[in-house]
Amino acid sequence: MLKGKVAIVTGGTRGIGYAIVEKYLENHAAVVLCGSRQETADKAVAQLKAARPDYPVEGIAPDLADYESVKAAFDGVRERYGRIDILVNNAGVSSSEPLSAYTPELFRKVMSLNVDAVFCCIRAVYDAMAAQGSGCILNTSSMVSRYGQPRGVAYPTSKAAINGLTLSLARELGPMGIRVNAVAPGVTNTDMMKAVPQDVITPLINQIPLRRIGEPEDLANAFLFLASDAAAYITGEILHVDGQARS
């Protein structure tokens, strides 16, 4: 579904991001994954190549909240591959502190990676995509962007901002052939969830009409569809992949 495409996936070393990278490679894209450190990026690449040595994948580790760092890294991708077709903004951070314990520094940290970095990455690929007259930008939102959450106010705030960014840039960049969409995951079976006790998970599952939490592949399939030509007339959408869960 992605043959001949070049994709950059931030937060691609584990969880949903890693599943997206795998899914894109299985569908014949060349993928550059971004990690928080070069060591973690290299480890993810090694795992992927252990399964399939011929996978066209490499890892980089720019400071995503620093535009010059991102621009230099993404320009390098464009020089090596000749184009950038897909950008997946998946890197993010959460927090669960109550407002009484929330500091301005913590709020700024969450917003920096979840919002500022997304802007930096989009701005860094804009020139390449505009010159091509085509491109696909996919942002990771969250079910809490719609419903909020009891604690950790910066996270749902940041994801609501991602929704606004997605809708606005879809309008602005559409005339250039650039599609902009978002995927909003619900409760998903990542490493973070595996550490949660079963007596906490069971009530969560009971609130989900499909009676299970999501798997990373469920999200990867949504990111695959939106990146493919099957979604060529879809832009400005926030696709909720949450089993109709309610936070």
# chains A, B, ... in the order shown; residues from 1 in each chain; ligands from 1

$ select_by_dssp --residues "region 9-244 of chain A" --states "strand (DSSP E or B)" --output "count of residues only"
35

$ residues_around --residues "Leu167 (chain A)" --least-positions-apart "3" --cutoff "10 Å" --atoms "only C-alpha atoms" --output "VMD selection string"
chain A and resid 162 to 164 170 to 172 180 to 182 235 to 238

$ write_last_selection --atoms "all heavy atoms" --output "PDB file, in the first residue's frame"
ATOM      1  N   ILE A 162      -3.530  19.554  19.217  1.00  0.00           N
ATOM      2  CA  ILE A 162      -3.192  18.782  18.014  1.00  0.00           C
ATOM      3  C   ILE A 162      -4.389  18.685  17.077  1.00  0.00           C
ATOM      4  O   ILE A 162      -4.258  18.762  15.850  1.00  0.00           O
ATOM      5  CB  ILE A 162      -2.687  17.380  18.406  1.00  0.00           C
ATOM      6  CG1 ILE A 162      -1.305  17.479  19.059  1.00  0.00           C
ATOM      7  CG2 ILE A 162      -2.630  16.448  17.195  1.00  0.00           C
ATOM      8  CD1 ILE A 162      -0.256  18.165  18.210  1.00  0.00           C
ATOM      9  N   ASN A 163      -5.573  18.527  17.646  1.00  0.00           N
ATOM     10  CA  ASN A 163      -6.771  18.485  16.798  1.00  0.00           C
ATOM     11  C   ASN A 163      -6.950  19.799  16.042  1.00  0.00           C
ATOM     12  O   ASN A 163      -7.249  19.808  14.842  1.00  0.00           O
ATOM     13  CB  ASN A 163      -8.010  18.212  17.654  1.00  0.00           C
ATOM     14  CG  ASN A 163      -8.024  16.809  18.244  1.00  0.00           C
ATOM     15  OD1 ASN A 163      -7.174  15.983  17.919  1.00  0.00           O
ATOM     16  ND2 ASN A 163      -8.983  16.546  19.111  1.00  0.00           N
ATOM     17  N   GLY A 164      -6.773  20.920  16.740  1.00  0.00           N
ATOM     18  CA  GLY A 164      -6.906  22.219  16.086  1.00  0.00           C
ATOM     19  C   GLY A 164      -5.861  22.434  15.021  1.00  0.00           C
ATOM     20  O   GLY A 164      -6.149  22.963  13.934  1.00  0.00           O
ATOM     21  N   ALA A 170      -4.972  21.171   7.514  1.00  0.00           N
ATOM     22  CA  ALA A 170      -5.655  20.479   6.409  1.00  0.00           C
ATOM     23  C   ALA A 170      -6.237  21.496   5.433  1.00  0.00           C
ATOM     24  O   ALA A 170      -6.172  21.327   4.208  1.00  0.00           O
ATOM     25  CB  ALA A 170      -6.749  19.571   6.958  1.00  0.00           C
ATOM     26  N   ARG A 171      -6.790  22.578   5.968  1.00  0.00           N
ATOM     27  CA  ARG A 171      -7.346  23.633   5.109  1.00  0.00           C
ATOM     28  C   ARG A 171      -6.245  24.405   4.385  1.00  0.00           C
ATOM     29  O   ARG A 171      -6.354  24.711   3.199  1.00  0.00           O
ATOM     30  CB  ARG A 171      -8.189  24.596   5.953  1.00  0.00           C
ATOM     31  CG  ARG A 171      -9.502  24.001   6.433  1.00  0.00           C
ATOM     32  CD  ARG A 171     -10.307  25.012   7.227  1.00  0.00           C
ATOM     33  NE  ARG A 171     -11.626  24.495   7.561  1.00  0.00           N
ATOM     34  CZ  ARG A 171     -12.689  24.551   6.767  1.00  0.00           C
ATOM     35  NH1 ARG A 171     -12.588  25.102   5.565  1.00  0.00           N
ATOM     36  NH2 ARG A 171     -13.855  24.058   7.154  1.00  0.00           N
ATOM     37  N   GLU A 172      -5.185  24.699   5.116  1.00  0.00           N
ATOM     38  CA  GLU A 172      -4.124  25.519   4.522  1.00  0.00           C
ATOM     39  C   GLU A 172      -3.306  24.755   3.489  1.00  0.00           C
ATOM     40  O   GLU A 172      -2.933  25.312   2.446  1.00  0.00           O
ATOM     41  CB  GLU A 172      -3.198  26.039   5.634  1.00  0.00           C
ATOM     42  CG  GLU A 172      -2.062  26.911   5.114  1.00  0.00           C
ATOM     43  CD  GLU A 172      -1.190  27.488   6.218  1.00  0.00           C
ATOM     44  OE1 GLU A 172      -1.594  27.416   7.401  1.00  0.00           O
ATOM     45  OE2 GLU A 172      -0.105  28.018   5.897  1.00  0.00           O
ATOM     46  N   VAL A 180      -3.641  16.274   5.808  1.00  0.00           N
ATOM     47  CA  VAL A 180      -3.302  16.312   7.233  1.00  0.00           C
ATOM     48  C   VAL A 180      -4.446  15.693   8.020  1.00  0.00           C
ATOM     49  O   VAL A 180      -5.581  16.181   7.972  1.00  0.00           O
ATOM     50  CB  VAL A 180      -3.058  17.755   7.731  1.00  0.00           C
ATOM     51  CG1 VAL A 180      -2.538  17.739   9.169  1.00  0.00           C
ATOM     52  CG2 VAL A 180      -2.091  18.499   6.809  1.00  0.00           C
ATOM     53  N   ASN A 181      -4.153  14.614   8.722  1.00  0.00           N
ATOM     54  CA  ASN A 181      -5.153  13.922   9.528  1.00  0.00           C
ATOM     55  C   ASN A 181      -4.554  13.542  10.879  1.00  0.00           C
ATOM     56  O   ASN A 181      -3.340  13.665  11.094  1.00  0.00           O
ATOM     57  CB  ASN A 181      -5.636  12.652   8.816  1.00  0.00           C
ATOM     58  CG  ASN A 181      -6.442  12.947   7.564  1.00  0.00           C
ATOM     59  OD1 ASN A 181      -7.551  13.459   7.634  1.00  0.00           O
ATOM     60  ND2 ASN A 181      -5.880  12.629   6.396  1.00  0.00           N
ATOM     61  N   ALA A 182      -5.402  13.081  11.778  1.00  0.00           N
ATOM     62  CA  ALA A 182      -4.935  12.622  13.085  1.00  0.00           C
ATOM     63  C   ALA A 182      -5.627  11.321  13.446  1.00  0.00           C
ATOM     64  O   ALA A 182      -6.739  11.038  12.997  1.00  0.00           O
ATOM     65  CB  ALA A 182      -5.200  13.676  14.159  1.00  0.00           C
ATOM     66  N   THR A 235      -8.950  14.309   4.358  1.00  0.00           N
ATOM     67  CA  THR A 235      -8.062  15.235   5.053  1.00  0.00           C
ATOM     68  C   THR A 235      -8.868  15.990   6.102  1.00  0.00           C
ATOM     69  O   THR A 235     -10.091  16.123   5.991  1.00  0.00           O
ATOM     70  CB  THR A 235      -7.364  16.209   4.080  1.00  0.00           C
ATOM     71  OG1 THR A 235      -6.293  16.878   4.754  1.00  0.00           O
ATOM     72  CG2 THR A 235      -8.333  17.239   3.518  1.00  0.00           C
ATOM     73  N   GLY A 236      -8.179  16.444   7.148  1.00  0.00           N
ATOM     74  CA  GLY A 236      -8.844  17.179   8.209  1.00  0.00           C
ATOM     75  C   GLY A 236      -9.703  16.311   9.111  1.00  0.00           C
ATOM     76  O   GLY A 236     -10.621  16.803   9.765  1.00  0.00           O
ATOM     77  N   GLU A 237      -9.392  15.018   9.191  1.00  0.00           N
ATOM     78  CA  GLU A 237     -10.169  14.108  10.032  1.00  0.00           C
ATOM     79  C   GLU A 237      -9.405  13.721  11.296  1.00  0.00           C
ATOM     80  O   GLU A 237      -8.190  13.571  11.274  1.00  0.00           O
ATOM     81  CB  GLU A 237     -10.530  12.830   9.262  1.00  0.00           C
ATOM     82  CG  GLU A 237     -11.541  13.033   8.152  1.00  0.00           C
ATOM     83  CD  GLU A 237     -12.881  13.495   8.668  1.00  0.00           C
ATOM     84  OE1 GLU A 237     -13.313  13.031   9.752  1.00  0.00           O
ATOM     85  OE2 GLU A 237     -13.517  14.332   7.990  1.00  0.00           O
ATOM     86  N   ILE A 238     -10.155  13.553  12.394  1.00  0.00           N
ATOM     87  CA  ILE A 238      -9.610  12.990  13.638  1.00  0.00           C
ATOM     88  C   ILE A 238     -10.239  11.621  13.788  1.00  0.00           C
ATOM     89  O   ILE A 238     -11.406  11.505  14.171  1.00  0.00           O
ATOM     90  CB  ILE A 238      -9.959  13.864  14.866  1.00  0.00           C
ATOM     91  CG1 ILE A 238      -9.742  15.357  14.589  1.00  0.00           C
ATOM     92  CG2 ILE A 238      -9.180  13.390  16.086  1.00  0.00           C
ATOM     93  CD1 ILE A 238      -8.332  15.754  14.292  1.00  0.00           C
TER      94      ILE A 238
END

$ closest_atom_pairs --of "region 183-222 of chain A" --to "region 134-149 of chain A" --cutoff "12 Å" --atoms "only C-alpha atoms" --output "Markdown table"
| residue | atom | partner | partner_atom | distance |
| --- | --- | --- | --- | --- |
| A:Val183 | CA | A:Thr140 | CA | 5.2 |
| A:Ala184 | CA | A:Ser142 | CA | 4.0 |
| A:Pro185 | CA | A:Ser142 | CA | 5.0 |
| A:Gly186 | CA | A:Met143 | CA | 5.3 |
| A:Val187 | CA | A:Met143 | CA | 8.4 |
| A:Thr188 | CA | A:Ser142 | CA | 10.7 |
| A:Leu219 | CA | A:Thr140 | CA | 9.8 |
| A:Ala220 | CA | A:Thr140 | CA | 11.1 |
| A:Ala222 | CA | A:Leu138 | CA | 10.3 |

$ closest_residue --among "A:Glu68, A:Asp85, A:Asp229, A:Asp116" --to "Met129 (chain A)" --atoms "only C-alpha atoms"
A:Asp85

$ residues_around --residues "Glu217 (chain A)" --least-positions-apart "5" --cutoff "12 Å" --atoms "only C-alpha atoms" --output "list in words"
Gly15, Ile16, Gly17, Tyr18, Ala19, Ile20, Val21, Glu22, Lys23, Tyr24, Pro185, Thr188, Asn189, Thr190, Ala222, Phe223, Leu224 and Val241 of chain A

$ closest_residue --among "A:Ser100, A:Gln47, A:Tyr126, A:Tyr55" --to "Leu87 (chain A)" --atoms "only C-alpha atoms"
A:Tyr126

$ atom_distance --atom1 "CA of Gln198 (chain A)" --atom2 "CA of Pro216 (chain A)"
18.7 Å

$ residues_around --residues "Gly92 (chain A)" --least-positions-apart "6" --cutoff "12 Å" --atoms "only C-alpha atoms" --output "MDAnalysis selection string"
chainID A and resid 10:12 14:17 34:36 64:65 109:118 139:142 154:156 158:159 162

$ select_by_dssp --residues "region 36-178 of chain A" --states "helix (DSSP H, G or I)" --output "ChimeraX atom specification"
/A:38-51,67-81,99-101,104-132,144-147,154-176

$ closest_residue --among "A:Ile201, A:Pro150, A:Gly243, A:Leu99" --to "Asp218 (chain A)" --atoms "only C-alpha atoms"
A:Gly243

$ atom_distance --atom1 "CA of Leu239 (chain A)" --atom2 "CA of Leu173 (chain A)"
18.9 Å

$ decode --residues "region 212-225 of chain A" --atoms "N, CA, C and O atoms" --output "CSV table (one decimal), in the first residue's frame"
chain,number,residue,atom,x,y,z
A,212,ARG,N,-12.6,-4.9,24.9
A,212,ARG,CA,-11.2,-5.2,24.9
A,212,ARG,C,-10.5,-3.8,24.8
A,212,ARG,O,-11.0,-2.9,24.3
A,213,ILE,N,-9.2,-3.8,25.2
A,213,ILE,CA,-8.4,-2.6,25.0
A,213,ILE,C,-7.8,-2.8,23.6
A,213,ILE,O,-7.7,-3.9,23.0
A,214,GLY,N,-7.3,-1.7,23.0
A,214,GLY,CA,-6.7,-1.7,21.7
A,214,GLY,C,-5.3,-2.3,21.7
A,214,GLY,O,-4.6,-2.3,22.7
A,215,GLU,N,-4.9,-2.9,20.6
A,215,GLU,CA,-3.6,-3.3,20.4
A,215,GLU,C,-2.9,-2.4,19.5
A,215,GLU,O,-3.5,-1.7,18.7
A,216,PRO,N,-1.5,-2.3,19.6
A,216,PRO,CA,-0.8,-1.4,18.8
A,216,PRO,C,-1.1,-1.6,17.3
A,216,PRO,O,-1.1,-0.6,16.5
A,217,GLU,N,-1.3,-2.8,16.9
A,217,GLU,CA,-1.6,-3.0,15.4
A,217,GLU,C,-2.9,-2.4,15.0
A,217,GLU,O,-3.1,-2.0,13.9
A,218,ASP,N,-3.9,-2.3,16.0
A,218,ASP,CA,-5.2,-1.6,15.6
A,218,ASP,C,-4.9,-0.2,15.2
A,218,ASP,O,-5.5,0.3,14.3
A,219,LEU,N,-4.0,0.5,15.9
A,219,LEU,CA,-3.6,1.8,15.6
A,219,LEU,C,-2.8,1.9,14.4
A,219,LEU,O,-3.0,2.8,13.5
A,220,ALA,N,-1.8,1.0,14.2
A,220,ALA,CA,-1.0,1.0,13.0
A,220,ALA,C,-1.8,0.8,11.8
A,220,ALA,O,-1.5,1.4,10.7
A,221,ASN,N,-2.9,0.0,11.8
A,221,ASN,CA,-3.7,-0.2,10.6
A,221,ASN,C,-4.4,1.1,10.3
A,221,ASN,O,-4.6,1.4,9.1
A,222,ALA,N,-4.8,1.9,11.2
A,222,ALA,CA,-5.4,3.2,11.0
A,222,ALA,C,-4.4,4.2,10.3
A,222,ALA,O,-4.7,4.9,9.4
A,223,PHE,N,-3.2,4.2,10.9
A,223,PHE,CA,-2.1,5.0,10.3
A,223,PHE,C,-1.8,4.6,8.9
A,223,PHE,O,-1.4,5.4,8.0
A,224,LEU,N,-1.8,3.3,8.6
A,224,LEU,CA,-1.5,2.8,7.3
A,224,LEU,C,-2.6,3.2,6.3
A,224,LEU,O,-2.3,3.7,5.2
A,225,PHE,N,-3.9,3.0,6.7
A,225,PHE,CA,-4.9,3.5,5.8
A,225,PHE,C,-4.8,4.9,5.4
A,225,PHE,O,-4.9,5.3,4.3
